[in-house]
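Visitor: Quick one: the structure is below, questions incoming.
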Amino acid sequence: MSVSPNFRDYVLEQLSGLGSLRSRRMFGGIGLYCDELFFGLIDDDILYLKVDDTNRDDYVARGCEPFRPVADDPNAVSMSYYRVPEDVLEDEEITRIWGRKAVSVAGSAAAARAFRKRGRRPAARAKTAASAKRKRALKVLRKQT
């Protein structure tokens, strides 16, 4: 689970032009960020990019494997990250295209998380407000009887 500095630098060079790129060590590998979106990772000098239903078929069609955080455990699979084919990684232009798709997927996932998080708050407030209205109405009814 090591990443050589040369491979990390090579990947960052191939992905240059996507935006503000940075790498960060994590769990023996390296996480890749573009404009603060976590879109890829490097483990054992292999690049994995974030996928969802919009781009997963590109990887599956090429026979790419999903990231396995525990290599010895075939059940430990991360369906969100797939290995980038070597011929894609060797072509800077194609690497950027695949990288842009991964950044887009990361952005969509972040937006969905934010929407779900925001979506709960108004509903909770509405329940609380409705409950308070019911309580006030019951008080009024009790006073009237």
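Letters A, B, ... mark the chains of the structure tokens in the order given; residue numbers begin at 1 per chain; ligand numbers begin at 1, in order shown.
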What's around Asp43 of chain A at 10 Å? Count only C-alpha atoms, leave out sequence neighbours fewer than 4 positions away in its own chain, and write the answer as number ranges by chain.

Guide: A: 1-4, 8, 26-31, 47-48, 67-69, 83

Visitor: From a DSSP calculation on the backbone, collect every residue of segment 11-112 of chain A in helix (DSSP H, G or I) and output the set as a PDB file with C-alpha atoms, in the first residue's frame.

Guide:
ATOM      1  CA  VAL A  11      -0.544  11.346 -12.140  1.00  0.00           C
ATOM      2  CA  LEU A  12      -0.796  14.971 -11.030  1.00  0.00           C
ATOM      3  CA  GLU A  13       0.952  16.031 -14.250  1.00  0.00           C
ATOM      4  CA  GLN A  14      -1.436  13.949 -16.373  1.00  0.00           C
ATOM      5  CA  ARG A  56     -19.057   3.332 -14.441  1.00  0.00           C
ATOM      6  CA  ASP A  57     -19.711   1.625 -17.786  1.00  0.00           C
ATOM      7  CA  ASP A  58     -16.573   3.247 -19.250  1.00  0.00           C
ATOM      8  CA  TYR A  59     -14.514   1.331 -16.695  1.00  0.00           C
ATOM      9  CA  VAL A  60     -16.475  -1.920 -16.761  1.00  0.00           C
ATOM     10  CA  ALA A  61     -16.303  -2.047 -20.584  1.00  0.00           C
ATOM     11  CA  GLU A  86      -2.920   2.114 -18.311  1.00  0.00           C
ATOM     12  CA  ASP A  87      -3.463   3.276 -21.906  1.00  0.00           C
ATOM     13  CA  VAL A  88      -5.816   5.987 -20.633  1.00  0.00           C
ATOM     14  CA  LEU A  89      -3.292   7.123 -18.037  1.00  0.00           C
ATOM     15  CA  GLU A  90      -0.556   7.285 -20.679  1.00  0.00           C
ATOM     16  CA  GLU A  92      -2.692  13.101 -21.072  1.00  0.00           C
ATOM     17  CA  GLU A  93      -5.754  14.351 -22.976  1.00  0.00           C
ATOM     18  CA  ILE A  94      -7.825  11.226 -22.324  1.00  0.00           C
ATOM     19  CA  THR A  95      -6.699  11.159 -18.688  1.00  0.00           C
ATOM     20  CA  ARG A  96      -8.031  14.694 -18.284  1.00  0.00           C
ATOM     21  CA  ILE A  97     -11.363  13.707 -19.853  1.00  0.00           C
ATOM     22  CA  TRP A  98     -11.735  10.785 -17.450  1.00  0.00           C
ATOM     23  CA  GLY A  99     -10.549  13.032 -14.621  1.00  0.00           C
ATOM     24  CA  ARG A 100     -13.180  15.689 -15.465  1.00  0.00           C
ATOM     25  CA  LYS A 101     -15.879  13.027 -15.363  1.00  0.00           C
ATOM     26  CA  ALA A 102     -14.636  11.866 -11.942  1.00  0.00           C
ATOM     27  CA  VAL A 103     -14.606  15.448 -10.635  1.00  0.00           C
ATOM     28  CA  SER A 104     -18.148  15.889 -11.958  1.00  0.00           C
ATOM     29  CA  VAL A 105     -19.229  12.711 -10.171  1.00  0.00           C
ATOM     30  CA  ALA A 106     -17.592  13.948  -6.959  1.00  0.00           C
ATOM     31  CA  GLY A 107     -19.381  17.285  -7.343  1.00  0.00           C
ATOM     32  CA  SER A 108     -22.741  15.590  -7.894  1.00  0.00           C
ATOM     33  CA  ALA A 109     -22.215  13.384  -4.851  1.00  0.00           C
ATOM     34  CA  ALA A 110     -21.283  16.403  -2.717  1.00  0.00           C
ATOM     35  CA  ALA A 111     -24.334  18.324  -3.949  1.00  0.00           C
ATOM     36  CA  ALA A 112     -26.608  15.361  -3.195  1.00  0.00           C
TER      37      ALA A 112
END

Visitor: If we count only C-alpha atoms and set the cut-off at 9 Å, which residues sit around Glu36 of chain A, ignoring sequence neighbours fewer than 5 positions away in its own chain? Please answer as a list in words.

Guide: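 These residues fall inside the cut-off: Ser20, Leu21 and Arg22 of chain A.
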
Visitor: How far is it from atom CA of Val70 of chain A to atom CA of Asp52 of chain A, in Å with one decimal?

Guide: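 Calculated distance between atom CA of Val70 of chain A and atom CA of Asp52 of chain A is 21.1 Å.
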
Visitor: Considering only C-alpha atoms, state which residue in the set A:Tyr81, A:Pro66, A:Asn75, A:Asp91 is at the smallest distance from Leu32 of chain A.

Guide: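 The answer is A:Tyr81, which sits nearest to Leu32 of chain A.
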
Visitor: Which is closer to Cys34 of chain A than all the others in A:Leu15, A:Ala114, A:Val51, A:Ile46, using only C-alpha atoms?

Guide: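 Nearest to Cys34 of chain A: A:Leu15.
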
Visitor: For atom CA of Leu49 of chain A and atom CA of Pro5 of chain A, quote the distance in Å rounded to one decimal.

Guide: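 Here the two named atoms are 18.5 Å from each other.
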
Visitor: Where in segment 33-128 of chain A does DSSP assign strand (DSSP E), given as JSON, numbers by chain?

Guide: {"A": [33, 34, 37, 38, 39, 40, 41, 42, 43, 46, 47, 48, 49, 50, 66, 67, 78, 79, 80, 81, 82, 83]}

Visitor: Would you mind exporting N, CA and C atoms of the selected residues as an mmCIF file, in the first residue's frame?

Guide:
data_model
loop_
_atom_site.group_PDB
_atom_site.id
_atom_site.type_symbol
_atom_site.label_atom_id
_atom_site.label_comp_id
_atom_site.auth_asym_id
_atom_site.auth_seq_id
_atom_site.Cartn_x
_atom_site.Cartn_y
_atom_site.Cartn_z
ATOM 1 N N TYR A 33 -7.587 15.540 -4.837
ATOM 2 C CA TYR A 33 -8.627 16.558 -4.701
ATOM 3 C C TYR A 33 -8.507 17.551 -5.848
ATOM 4 N N CYS A 34 -9.649 17.973 -6.359
ATOM 5 C CA CYS A 34 -9.698 19.043 -7.352
ATOM 6 C C CYS A 34 -10.699 20.060 -6.831
ATOM 7 N N LEU A 37 -12.775 18.845 -4.019
ATOM 8 C CA LEU A 37 -13.608 17.654 -4.221
ATOM 9 C C LEU A 37 -12.704 16.430 -4.287
ATOM 10 N N PHE A 38 -12.998 15.425 -3.472
ATOM 11 C CA PHE A 38 -12.234 14.178 -3.464
ATOM 12 C C PHE A 38 -12.709 13.335 -4.640
ATOM 13 N N PHE A 39 -11.861 13.199 -5.665
ATOM 14 C CA PHE A 39 -12.291 12.546 -6.893
ATOM 15 C C PHE A 39 -11.474 11.322 -7.283
ATOM 16 N N GLY A 40 -10.399 11.054 -6.586
ATOM 17 C CA GLY A 40 -9.578 9.908 -6.956
ATOM 18 C C GLY A 40 -8.627 9.519 -5.855
ATOM 19 N N LEU A 41 -7.991 8.376 -6.063
ATOM 20 C CA LEU A 41 -6.996 7.920 -5.099
ATOM 21 C C LEU A 41 -5.940 7.106 -5.810
ATOM 22 N N ILE A 42 -4.799 7.052 -5.180
ATOM 23 C CA ILE A 42 -3.685 6.257 -5.685
ATOM 24 C C ILE A 42 -3.301 5.280 -4.591
ATOM 25 N N ASP A 43 -3.179 4.014 -4.971
ATOM 26 C CA ASP A 43 -2.772 2.975 -4.036
ATOM 27 C C ASP A 43 -1.895 1.993 -4.787
ATOM 28 N N ILE A 46 -1.307 2.680 -8.441
ATOM 29 C CA ILE A 46 -2.451 2.484 -9.331
ATOM 30 C C ILE A 46 -3.408 3.645 -9.096
ATOM 31 N N LEU A 47 -3.871 4.257 -10.181
ATOM 32 C CA LEU A 47 -4.819 5.367 -10.092
ATOM 33 C C LEU A 47 -6.246 4.832 -10.167
ATOM 34 N N TYR A 48 -7.070 5.281 -9.227
ATOM 35 C CA TYR A 48 -8.500 4.963 -9.199
ATOM 36 C C TYR A 48 -9.267 6.283 -9.231
ATOM 37 N N LEU A 49 -10.328 6.345 -10.036
ATOM 38 C CA LEU A 49 -11.144 7.548 -10.106
ATOM 39 C C LEU A 49 -12.577 7.260 -9.669
ATOM 40 N N LYS A 50 -13.245 8.280 -9.197
ATOM 41 C CA LYS A 50 -14.613 8.171 -8.679
ATOM 42 C C LYS A 50 -15.591 7.896 -9.822
ATOM 43 N N PRO A 66 -12.850 -2.540 -9.497
ATOM 44 C CA PRO A 66 -13.091 -1.528 -8.458
ATOM 45 C C PRO A 66 -11.968 -1.561 -7.433
ATOM 46 N N PHE A 67 -11.805 -0.454 -6.741
ATOM 47 C CA PHE A 67 -10.804 -0.360 -5.683
ATOM 48 C C PHE A 67 -11.154 -1.317 -4.559
ATOM 49 N N SER A 78 -14.850 -1.174 -2.980
ATOM 50 C CA SER A 78 -15.439 0.161 -3.043
ATOM 51 C C SER A 78 -15.971 0.352 -4.457
ATOM 52 N N MET A 79 -17.276 0.376 -4.597
ATOM 53 C CA MET A 79 -17.882 0.527 -5.919
ATOM 54 C C MET A 79 -17.762 1.956 -6.447
ATOM 55 N N SER A 80 -17.295 2.865 -5.621
ATOM 56 C CA SER A 80 -17.228 4.270 -6.026
ATOM 57 C C SER A 80 -15.937 4.645 -6.745
ATOM 58 N N TYR A 81 -14.948 3.773 -6.728
ATOM 59 C CA TYR A 81 -13.670 4.082 -7.364
ATOM 60 C C TYR A 81 -13.230 2.893 -8.204
ATOM 61 N N TYR A 82 -12.829 3.171 -9.454
ATOM 62 C CA TYR A 82 -12.365 2.122 -10.351
ATOM 63 C C TYR A 82 -10.973 2.444 -10.867
ATOM 64 N N ARG A 83 -10.238 1.382 -11.156
ATOM 65 C CA ARG A 83 -8.884 1.508 -11.683
ATOM 66 C C ARG A 83 -8.924 2.125 -13.076
#
